[in-house]
Structure formats: structure tokens, C-alpha cells
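A short write-up of the structure that comes next.
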Amino acid sequence: MPRSKSLAEQSRILGERLKAIPEAVVRDVQPALIKGAEEVAATMRALVPVDEGDLKSSITVTAPGQTTPAYAEGGGKRTAGSNQALVTAGNEKVRHGHLQEFGTVKQEAQPFMRPGARLAMPKAKRRISRAIGQAIKKAAEGDA
């Protein structure tokens with residue numbers, strides 16, 4: 001900040017920039033969240049056992065602020081927060097993802113969600129961390 005501004009003016013400007021950081025970070029990080037979730041979903045689709053393909057096609061990404069398909073999240077719907085991207089399996093017609101993932105007394109488990117997340121999450125987390133750093137730097141410089 002230039003020295004020609006008073007300390008009070010500099011403090012006011014700094015306060016405005018600090019208030020803008022969370023909003024700008026959330027806005028600027030959302031593309032990285034969605035891309036990371038898409039990569040997790042793609043890995044899950046590659047691992048899911050396919051009989052008719054209905055479970056594979058039901059794996060979806062819900063972007064920040066949107067609502068998951070019915071029955072995809074614990075038997076109901078869930079709205080993603082502003083800093084979340086959700087990956088779900090299932091919809092109103094496909095409700096057996098948990099049976100594939102965990103198995104039943106008659107069917108052995110064929111996990112695809114947890115292994116898919118475990119494989120894809122490190123890359124997604126690195127992308128999100130980079131996006132957060134860039135967004136904070138951008139907001140701190142006043143470019144937000």
C-alpha cells in the first residue's frame with residue numbers, strides 16, 4: 001500500500017481485502033472442486049461392476065449449490081454447500097450401489113466407491129490446494 005494513505009485508510013483497505021478473501025476463494029476454487037469430483041467419479045465408473053450399466057450411469061457429480069439425485073444420499077436428497085462437490089451413486093431407479101459396495105449375505109462385496117475415491121482423491125486435493133493458494137493470492141493482491 002502506498003505510504004501517502006493514512007494508517008486508517010490503509011487499515012480500511014486491508015479490512016476490505018480480508019473480507020473479500022473467503023468469498024473470492026470459494027468462487028475461484030469451485031472449478032477445481034468440480035474437476036476433482038469429476039475425476040473421482042470417472043475412477044469410480046472405471047471400477048464399478050457392470051451388468052446392465054445402470055449403476056455406472058448413475059454415478060454423478062453434484063456441483064456446489066446443487067442438489068443430489070433422489071435416493072443418492074442416504075435415501076434422500078442433499079444440497080452441496082458452496083465449498084463442496086458431491087459424488088454419488090444411485091438415483092430414483094438405481095438404488096443398489098450400497099449393496100455392490102458392501103455386499104450382502106448372498107453376494108460378495110464389489111467395492112468401487114471407496115477405492116475410486118482413495119485412488120483419485122490425492123490428485124483432486126492437490127488441485128484444490130493449488131486453487132486455494134492462487135485464489136488467496138489473487139484476493140490479497142486486490143484482483144478478486
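For the C-alpha cells, the naming scheme is as follows: chains receive sequential letters (A, B, ...) according to their order of presentation, residues are indexed from 1 within each chain, and ligands are indexed from 1 in presentation order.
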So that each row is one residue of stretch 17-92 of chain A with an atom at most 10 Å from stretch 119-131 of chain A, can you give its shortest atom pair and the distance in Å to one decimal, using only C-alpha atoms, rows by chain and rising number, as a Markdown table?
| residue | atom | partner | partner_atom | distance |
| --- | --- | --- | --- | --- |
| A:Val25 | CA | A:Ala131 | CA | 8.2 |
| A:Val26 | CA | A:Ala131 | CA | 9.7 |
| A:Asp28 | CA | A:Ala131 | CA | 7.1 |
| A:Val29 | CA | A:Ala131 | CA | 5.4 |
| A:Gln30 | CA | A:Ile128 | CA | 8.6 |
| A:Pro31 | CA | A:Ala131 | CA | 8.7 |
| A:Ala32 | CA | A:Ile128 | CA | 5.4 |
| A:Leu33 | CA | A:Ile128 | CA | 6.2 |
| A:Ile34 | CA | A:Ala124 | CA | 9.4 |
| A:Lys35 | CA | A:Ala124 | CA | 7.7 |
| A:Gly36 | CA | A:Ala124 | CA | 4.4 |
| A:Ala37 | CA | A:Ala124 | CA | 7.3 |
| A:Glu38 | CA | A:Ala124 | CA | 9.3 |
| A:Glu39 | CA | A:Ala120 | CA | 6.4 |
| A:Val40 | CA | A:Ala120 | CA | 5.1 |
| A:Ala41 | CA | A:Ala120 | CA | 8.6 |
| A:Ala42 | CA | A:Ala120 | CA | 8.9 |
| A:Thr43 | CA | A:Ala120 | CA | 6.7 |
| A:Met44 | CA | A:Ala120 | CA | 8.9 |
Query raised in the report: Near A:Arg95, counting only C-alpha atoms, which residues have an atom at most 7 Å away, once you skip same-chain residues fewer than 4 positions from it, shown as a VMD selection string?
Result: chain A and resid 71 90 to 91
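Compared by their closest atoms to A:Ala139, and using only C-alpha atoms, the residues A:Lys56, A:Arg118, A:Lys93, A:Lys19 rank with A:Lys19 nearest.
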Query raised in the report: Could you pull the residues within 9 Å of A:Ser57, counting only C-alpha atoms, minus those fewer than 3 positions along the same chain, as a list of chain:residue names?
Result: A:Arg45, A:Gly53, A:Asp54, A:Thr60, A:Ala89, A:Gly90
Query raised in the report: What lies within 10 Å of stretch 96-110 of chain A using only C-alpha atoms, ignoring chain neighbours under 2 positions off, as a list in words?
Result: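 Listed by chain and then number, they are Leu47, Val48, Pro49, Asp54, Leu55, Lys56, Ser58, Ile59, Ala72, Gly74, Thr88, Ala89, Gly90, Asn91, Lys93, Val94, Phe112, Met113, Arg114 and Pro115 of chain A.
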